[in-house]
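**Student:** Sharing a structure below in structure tokens format, with a few things to ask.
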Amino acid sequence: MTENVTESLTESLDELARELDRAHVFHSWSAQAQPSSLVVASGLGCRVWDHAGREYLDFSSQLVNVNIGHQHPAVVQAIREQAELLTTIAPATVNLARGEAAKRIVSHAPSGFHKVFFTNGGADANENAIRMARLHTGRDKILSTYRSYHGNTGAAVVATGDWRRIPNEFARGHVHFFGPYLYRSEFWAETPEQESERALRHLEHVILAEGPSSIAAILLETIPGTAGILTPPPGYLAGVRELADRHGILLILDEVMCGFGRTGRWFAFDGYDVRPDLITFAKGVNSGYVPVGGVLISDPIAATFDERVFPGGLTYSGHPLAMASIVAALDAMESEGIVANARDVGDTVIGPALDDLAERHAVIGEVRGVGVFWALELVADRETREPLAPSAMGRIKSALVGRGLLPFVMDNRIHVVPPCIVTADEVAEAMAIYDEVLSTALEGEG
């Protein structure tokens, strides 16, 4: 009897959550008449559950941000202790937690980076990096790729290349170009080397056509995430750096999604021969426990504003609760070897397991990724590479959730992006679910 009453109460809490959501919550990137029925009440590590105790293995890391996993006790405790000491303070003041957070972030940056400008998230990190680049160079244009996502603020969403840019094109001075994507090459390339060479030639032509002296910066995700986890081919990022240097253009690397352990490195660009001028970050720096982002500023750009006012700021820049969560998260990632775990589990477990799935499922056209940052590109036909239809992707997503796995599904792809703490056993559990769903959800297709 007691169990039945408890189950009834918890089910009621789930339904109450849904009712309140339907009545009062306006969701991002959504048609409001199509609400989600998934309720999340709590979580721990790589798992979340609803009020009734239905459990899900989180292989989305929510929005690819919960790198340290859910409810890490050290981070929760740090937020609690900071809240008891000082909940908020104006950004113009000096605060120890803010300085400690900046120090830890700088410790993972390349040489020549000593300053951090804190924001509320990744979008306004990119927004302010664009502003800094324009003010430092005295130029206006920002170049970014069509396959990209940089956030939902004024300039960041126009720098974005996907469909979300089009209804929001109110910012000036943005030019787009095609980055490398060998599986669907815009350049008729057949090898990674060809793709890199031809993509760089295309970028050079765009720079020359736009007028190099008008271009403030090239803004790139080191590894485009939402666009498909498009790992750059050999020499591409170094080539972009050379083009930027040749024409006095700054290079901004967006590490919002791919930074702080996601690729098995502190920054994704650590795996490539490139050094940016500005680095934007958010998400993994504290796993989203408190909203925060920022810009790592190279010394020459920081010096521009030694005597000149930087015309930008946010009420919650360097918020103490966010700063405490960064300190605790980065300390835990170091002491617990979490970044190394992401690298090792990617190399030895996730990568081989996804390759094995691809061997057994013709619907998988390509596997690509690194660390805990992978994509399965699903196709209706491997020869033509026709993307799998949205209706089929919808069935796959529903089937994955129904079997207790939270996926990250975008267009015709499943992004395999668990927290950096994921274990080999949890990967095996997820792979069994992917395998089952790919074997059954598409029955009757074609």
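As shown in the structure tokens, the chain order sets the letters A, B, ...; within each chain, residues go from 1, and ligands are also counted from 1 in the order they appear.
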May I have the residues within 9 Å of Val367 (chain A) as a PyMOL selection string, using only C-alpha atoms and disregarding those fewer than 4 positions away in the same chain?
**Tutor:** chain A and resi 351+354-355+358+374-377
**Student:** Using only C-alpha atoms, which residues sit within 10 Å of Asp331 (chain A) once same-chain residues fewer than 4 positions away are excluded, as a VMD selection string?
**Tutor:** chain A and resid 74 to 75 104 325 to 327 335 to 337
**Student:** Taking N, CA and C atoms for each residue, export the selection above as a short mmCIF file (atom, residue, chain, number, x, y, z; two decimals), in the first residue's frame.
**Tutor:**
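Saved to part18.cif:
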```
data_model
loop_
_atom_site.label_atom_id
_atom_site.label_comp_id
_atom_site.auth_asym_id
_atom_site.auth_seq_id
_atom_site.Cartn_x
_atom_site.Cartn_y
_atom_site.Cartn_z
N ALA A 74 31.70 18.07 -5.09
CA ALA A 74 32.64 19.16 -4.80
C ALA A 74 32.14 20.48 -5.38
N VAL A 75 31.52 20.43 -6.54
CA VAL A 75 31.02 21.65 -7.17
C VAL A 75 29.77 22.14 -6.43
N ARG A 104 42.72 29.94 -12.78
CA ARG A 104 42.66 28.54 -13.20
C ARG A 104 42.41 28.41 -14.70
N SER A 325 31.90 27.84 -8.71
CA SER A 325 31.67 26.57 -9.42
C SER A 325 32.78 26.28 -10.41
N ILE A 326 33.35 27.32 -11.04
CA ILE A 326 34.49 27.11 -11.94
C ILE A 326 35.69 26.59 -11.18
N VAL A 327 36.01 27.22 -10.07
CA VAL A 327 37.17 26.79 -9.27
C VAL A 327 37.02 25.33 -8.87
N SER A 335 42.25 16.91 -10.34
CA SER A 335 42.59 15.92 -9.31
C SER A 335 42.04 14.54 -9.63
N GLU A 336 40.92 14.48 -10.37
CA GLU A 336 40.29 13.20 -10.67
C GLU A 336 40.64 12.67 -12.06
N GLY A 337 41.48 13.38 -12.79
CA GLY A 337 41.90 12.90 -14.10
C GLY A 337 40.78 12.82 -15.10
#
```
**Student:** Return as a list in words the full set of residues in region 259-382 of chain A whose backbone-based DSSP assignment is strand (DSSP E or B).
**Tutor:**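 Filtering region 259-382 of chain A to strand (DSSP E or B) leaves Leu278, Ile279, Thr280, Phe281, Gly293, Gly294, Val295, Leu296, Ile297, Ser298, Ile364, Gly365, Glu366, Val367, Arg368, Gly369, Val370, Phe373, Trp374, Ala375, Leu376, Glu377, Leu378, Val379, Ala380 and Asp381 of chain A.
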**Student:** With C-alpha atoms kept, could you save the residues just selected as a short mmCIF file (atom, residue, chain, number, x, y, z; two decimals), in the first residue's frame?
**Tutor:**
```
data_model
loop_
_atom_site.label_atom_id
_atom_site.label_comp_id
_atom_site.auth_asym_id
_atom_site.auth_seq_id
_atom_site.Cartn_x
_atom_site.Cartn_y
_atom_site.Cartn_z
CA LEU A 278 40.81 35.28 -28.60
CA ILE A 279 39.27 32.16 -27.06
CA THR A 280 35.61 31.95 -26.08
CA PHE A 281 34.37 29.42 -23.55
CA GLY A 293 31.07 32.03 -20.04
CA GLY A 294 33.98 34.19 -20.98
CA VAL A 295 36.69 35.38 -23.32
CA LEU A 296 40.36 34.57 -22.87
CA ILE A 297 42.19 37.61 -24.24
CA SER A 298 45.70 37.56 -25.66
CA ILE A 364 25.50 4.75 -40.49
CA GLY A 365 27.26 6.63 -43.24
CA GLU A 366 30.16 8.00 -41.22
CA VAL A 367 31.59 7.95 -37.71
CA ARG A 368 33.73 10.90 -36.64
CA GLY A 369 34.92 12.41 -33.42
CA VAL A 370 37.41 12.47 -30.58
CA PHE A 373 32.65 14.26 -28.83
CA TRP A 374 31.35 11.96 -31.60
CA ALA A 375 28.74 11.90 -34.35
CA LEU A 376 27.00 9.14 -36.25
CA GLU A 377 25.84 10.48 -39.61
CA LEU A 378 22.80 8.48 -40.67
CA VAL A 379 21.94 8.00 -44.33
CA ALA A 380 19.19 6.41 -46.36
CA ASP A 381 21.78 5.12 -48.82
#
```
**Student:** When you look at Pro300 (chain A) with a cut-off of 9 Å (counting only C-alpha atoms), what residues show up, excluding the ones that are within fewer than 5 positions of it in the same chain? I need them as a list in words.
**Tutor:**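 Skipping anything fewer than 5 positions along the chain leaves Gly112, His136 and Asp277 of chain A.
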**Student:** Could you produce a table of the residues of region 263-313 of chain A lying within 9 Å of region 58-70 of chain A, with the nearest pair of atoms per residue and their separation in Å rounded to one decimal, using only C-alpha atoms, ordered by chain and increasing residue number, as a tab-separated table?
**Tutor:**
```
residue	atom	partner	partner_atom	distance
A:Ala282	CA	A:Asn65	CA	8.2
A:Lys283	CA	A:Asn65	CA	4.5
A:Gly284	CA	A:Asn65	CA	5.0
A:Val285	CA	A:Asn67	CA	8.3
A:Asn286	CA	A:Ile68	CA	7.8
A:Ser287	CA	A:Val66	CA	4.2
A:Gly288	CA	A:Asn65	CA	6.0
A:Tyr289	CA	A:Val66	CA	8.0
```
**Student:** Let me see the file: selected residues, N, CA and C atoms, as a tab-separated table (two decimals), in the first residue's frame.
**Tutor:**
```tsv
chain	number	residue	atom	x	y	z
A	282	ALA	N	32.51	28.47	-22.32
A	282	ALA	CA	31.34	28.44	-21.43
A	282	ALA	C	31.15	26.97	-21.04
A	283	LYS	N	29.95	26.48	-21.14
A	283	LYS	CA	29.56	25.08	-20.95
A	283	LYS	C	30.49	24.29	-20.01
A	284	GLY	N	31.51	23.63	-20.55
A	284	GLY	CA	32.31	22.70	-19.77
A	284	GLY	C	33.16	23.32	-18.69
A	285	VAL	N	33.34	24.65	-18.70
A	285	VAL	CA	34.21	25.28	-17.69
A	285	VAL	C	33.68	25.04	-16.28
A	286	ASN	N	32.36	24.91	-16.13
A	286	ASN	CA	31.78	24.54	-14.83
A	286	ASN	C	30.60	23.60	-15.00
A	287	SER	N	30.51	23.00	-16.19
A	287	SER	CA	29.46	22.04	-16.53
A	287	SER	C	28.06	22.63	-16.43
A	288	GLY	N	27.95	23.95	-16.55
A	288	GLY	CA	26.64	24.57	-16.57
A	288	GLY	C	25.94	24.61	-15.24
A	289	TYR	N	26.64	24.36	-14.14
A	289	TYR	CA	25.98	24.35	-12.83
A	289	TYR	C	25.44	25.73	-12.48
```
**Student:** Mind listing the alpha helix (DSSP H) residues of region 168-351 of chain A, per DSSP on the backbone, as a ChimeraX atom specification?
**Tutor:** /A:192-210,236-246,299-304,320-335,338-345,351
**Student:** A:Ile338, A:Ala90, A:Leu16, A:Leu321: which is nearest Thr263 (chain A), counting only C-alpha atoms?
**Tutor:**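 Looking only at the distances to Thr263 (chain A), the closest residue turns out to be A:Ile338.
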**Student:** Write out as JSON, numbers by chain the residues lying within 12 Å of Glu443 (chain A), counting only C-alpha atoms and excluding same-chain residues fewer than 2 positions away.
**Tutor:** {"A": [363, 392, 395, 396, 436, 437, 438, 439, 440, 441, 445, 446]}
**Student:** For Thr315 (chain A), which residue out of A:Ala123, A:His174, A:Asp299, A:Ala92 is the nearest one, using only C-alpha atoms?
**Tutor:**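 Of A:Ala123, A:His174, A:Asp299, A:Ala92, the one nearest Thr315 (chain A), counting only C-alpha atoms, is A:Ala92.
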**Student:** Distance CA of Glu195 (chain A)-CA of Tyr181 (chain A), one decimal place?
**Tutor:**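 CA of Tyr181 (chain A) lies at a distance of 7.5 Å from CA of Glu195 (chain A).
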**Student:** Give me, as a list in words, all polymer residues having an atom no more than 10 Å from Leu96 (chain A), counting only C-alpha atoms and skipping those fewer than 2 positions away in the same chain.
**Tutor:**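 Near Leu96 (chain A), the qualifying residues are Val94, Arg98, Gly99, Glu100, Ala101, Ala102, Pro320, Met323 and Ala324 of chain A.
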**Student:** For Gly346 (chain A), which residue among A:Leu314, A:Leu243, A:Ala424, A:Val309 is the nearest when counting only C-alpha atoms?
**Tutor:** A:Ala424
**Student:** Of the candidates A:Thr160, A:Thr88, A:Thr137, A:Thr423, which shows the shortest atom-to-atom distance to Val349 (chain A), using only C-alpha atoms?
**Tutor:**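 Closest to Val349 (chain A) of all the choices is A:Thr423.
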**Student:** Tell me, as a list in words, which residues lie within 10 Å of Asn128 (chain A), counting only C-alpha atoms; anything in the same chain fewer than 3 positions away does not count.
**Tutor:**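 Neighbouring residues, sequence-local ones excluded: Phe117, Phe118, Thr119, Gly122, Ala123, Asp124, Ala125, Arg131, Met132, Ala133, Arg134, Ala155, Ala156, Thr280, Gly294, Val295, Phe310, Pro311, Gly312 and Gly313 of chain A.
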**Student:** Let me see the file: selected residues, N, CA and C atoms, as a compact mmCIF listing (two decimals), in the first residue's frame.
**Tutor:**
```txt
# COMPACT_ATOMS: atom_id res chain seq x y z
N PHE A 117 37.68 37.92 -19.58
CA PHE A 117 36.46 38.71 -19.42
C PHE A 117 35.31 37.73 -19.24
N PHE A 118 34.62 37.80 -18.11
CA PHE A 118 33.55 36.85 -17.81
C PHE A 118 32.21 37.35 -18.34
N THR A 119 31.44 36.40 -18.88
CA THR A 119 30.10 36.67 -19.41
C THR A 119 29.11 35.72 -18.75
N GLY A 122 27.95 31.32 -23.45
CA GLY A 122 28.75 31.25 -24.65
C GLY A 122 28.38 32.27 -25.70
N ALA A 123 27.07 32.59 -25.84
CA ALA A 123 26.65 33.54 -26.85
C ALA A 123 27.27 34.91 -26.60
N ASP A 124 27.15 35.39 -25.34
CA ASP A 124 27.71 36.71 -25.10
C ASP A 124 29.22 36.69 -24.95
N ALA A 125 29.82 35.51 -24.80
CA ALA A 125 31.27 35.42 -24.93
C ALA A 125 31.67 35.72 -26.37
N ARG A 131 33.28 42.11 -30.50
CA ARG A 131 33.44 43.54 -30.16
C ARG A 131 34.91 43.88 -29.94
N MET A 132 35.62 43.04 -29.20
CA MET A 132 37.04 43.29 -28.95
C MET A 132 37.83 43.30 -30.25
N ALA A 133 37.53 42.34 -31.13
CA ALA A 133 38.27 42.25 -32.40
C ALA A 133 38.05 43.51 -33.23
N ARG A 134 36.82 43.98 -33.29
CA ARG A 134 36.54 45.18 -34.08
C ARG A 134 37.23 46.40 -33.50
N ALA A 155 25.03 39.67 -32.56
CA ALA A 155 26.08 39.36 -33.53
C ALA A 155 26.36 37.86 -33.57
N ALA A 156 26.25 37.18 -32.44
CA ALA A 156 26.59 35.75 -32.39
C ALA A 156 25.66 34.93 -33.27
N THR A 280 36.87 31.87 -26.81
CA THR A 280 35.61 31.95 -26.08
C THR A 280 35.29 30.60 -25.45
N GLY A 294 32.92 33.19 -21.03
CA GLY A 294 33.98 34.19 -20.98
C GLY A 294 34.84 34.21 -22.23
N VAL A 295 35.72 35.20 -22.24
CA VAL A 295 36.69 35.38 -23.32
C VAL A 295 38.08 35.40 -22.71
N PHE A 310 36.84 49.78 -22.37
CA PHE A 310 36.18 48.73 -23.13
C PHE A 310 34.66 48.95 -22.99
N PRO A 311 33.96 49.21 -24.09
CA PRO A 311 32.55 49.56 -24.01
C PRO A 311 31.64 48.33 -23.96
N GLY A 312 31.81 47.51 -22.94
CA GLY A 312 31.00 46.31 -22.79
C GLY A 312 31.00 45.85 -21.34
N GLY A 313 29.91 45.26 -20.92
CA GLY A 313 29.85 44.75 -19.56
C GLY A 313 28.50 44.11 -19.28
```
**Student:** Nearest to Leu220 (chain A): which of A:Pro232, A:Gly404, A:Pro167, A:Pro192 is it, counting only C-alpha atoms?
**Tutor:**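 Residue with the minimum atom-to-atom distance to Leu220 (chain A): A:Pro232.
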**Student:** Could you give me, as a list in words, the residues within 10 Å of Val157 (chain A), counting only C-alpha atoms and dropping anything in the same chain fewer than 2 positions from it?
**Tutor:**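 Once the nearby chain positions are removed, what remains is Ala123, Asn126, Glu127, Ser148, Tyr149, His150, Gly151, Asn152, Thr153, Gly154, Ala155, Ala159, Thr160, Gly161, Asp162, Trp163, Arg164, Arg165, Ile166, Pro167, Asn168, Glu169, Phe170 and Ala171 of chain A.
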**Student:** Next, dump the selected residues to file, keeping only C-alpha atoms, as a PDB file, in the first residue's frame.
**Tutor:**
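And here is the file that came out, selection.pdb:
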```pdb
ATOM      1  CA  ALA A 123      26.654  33.544 -26.852  1.00  0.00           C
ATOM      2  CA  ASN A 126      31.279  35.369 -28.742  1.00  0.00           C
ATOM      3  CA  GLU A 127      29.439  38.686 -28.817  1.00  0.00           C
ATOM      4  CA  SER A 148      28.465  26.701 -37.285  1.00  0.00           C
ATOM      5  CA  TYR A 149      26.627  27.791 -34.177  1.00  0.00           C
ATOM      6  CA  HIS A 150      27.890  30.693 -32.064  1.00  0.00           C
ATOM      7  CA  GLY A 151      24.897  31.626 -29.907  1.00  0.00           C
ATOM      8  CA  ASN A 152      21.614  33.526 -29.859  1.00  0.00           C
ATOM      9  CA  THR A 153      22.605  37.126 -29.177  1.00  0.00           C
ATOM     10  CA  GLY A 154      22.702  39.850 -31.847  1.00  0.00           C
ATOM     11  CA  ALA A 155      26.077  39.358 -33.529  1.00  0.00           C
ATOM     12  CA  ALA A 159      27.830  34.782 -37.159  1.00  0.00           C
ATOM     13  CA  THR A 160      26.062  31.418 -36.870  1.00  0.00           C
ATOM     14  CA  GLY A 161      25.744  29.612 -40.170  1.00  0.00           C
ATOM     15  CA  ASP A 162      22.704  27.384 -39.697  1.00  0.00           C
ATOM     16  CA  TRP A 163      18.991  28.119 -40.196  1.00  0.00           C
ATOM     17  CA  ARG A 164      18.704  30.053 -36.935  1.00  0.00           C
ATOM     18  CA  ARG A 165      20.633  32.936 -38.465  1.00  0.00           C
ATOM     19  CA  ILE A 166      18.104  33.640 -41.198  1.00  0.00           C
ATOM     20  CA  PRO A 167      15.156  35.001 -39.125  1.00  0.00           C
ATOM     21  CA  ASN A 168      17.594  36.974 -36.938  1.00  0.00           C
ATOM     22  CA  GLU A 169      19.843  38.799 -39.410  1.00  0.00           C
ATOM     23  CA  PHE A 170      19.928  42.240 -37.814  1.00  0.00           C
ATOM     24  CA  ALA A 171      23.661  42.634 -37.101  1.00  0.00           C
TER      25      ALA A 171
END
```
**Student:** Nearest to Ser317 (chain A) among A:Gly121, A:Pro390, A:Leu13, A:Cys46, with distances taken over only C-alpha atoms: which residue is it?
**Tutor:** A:Gly121
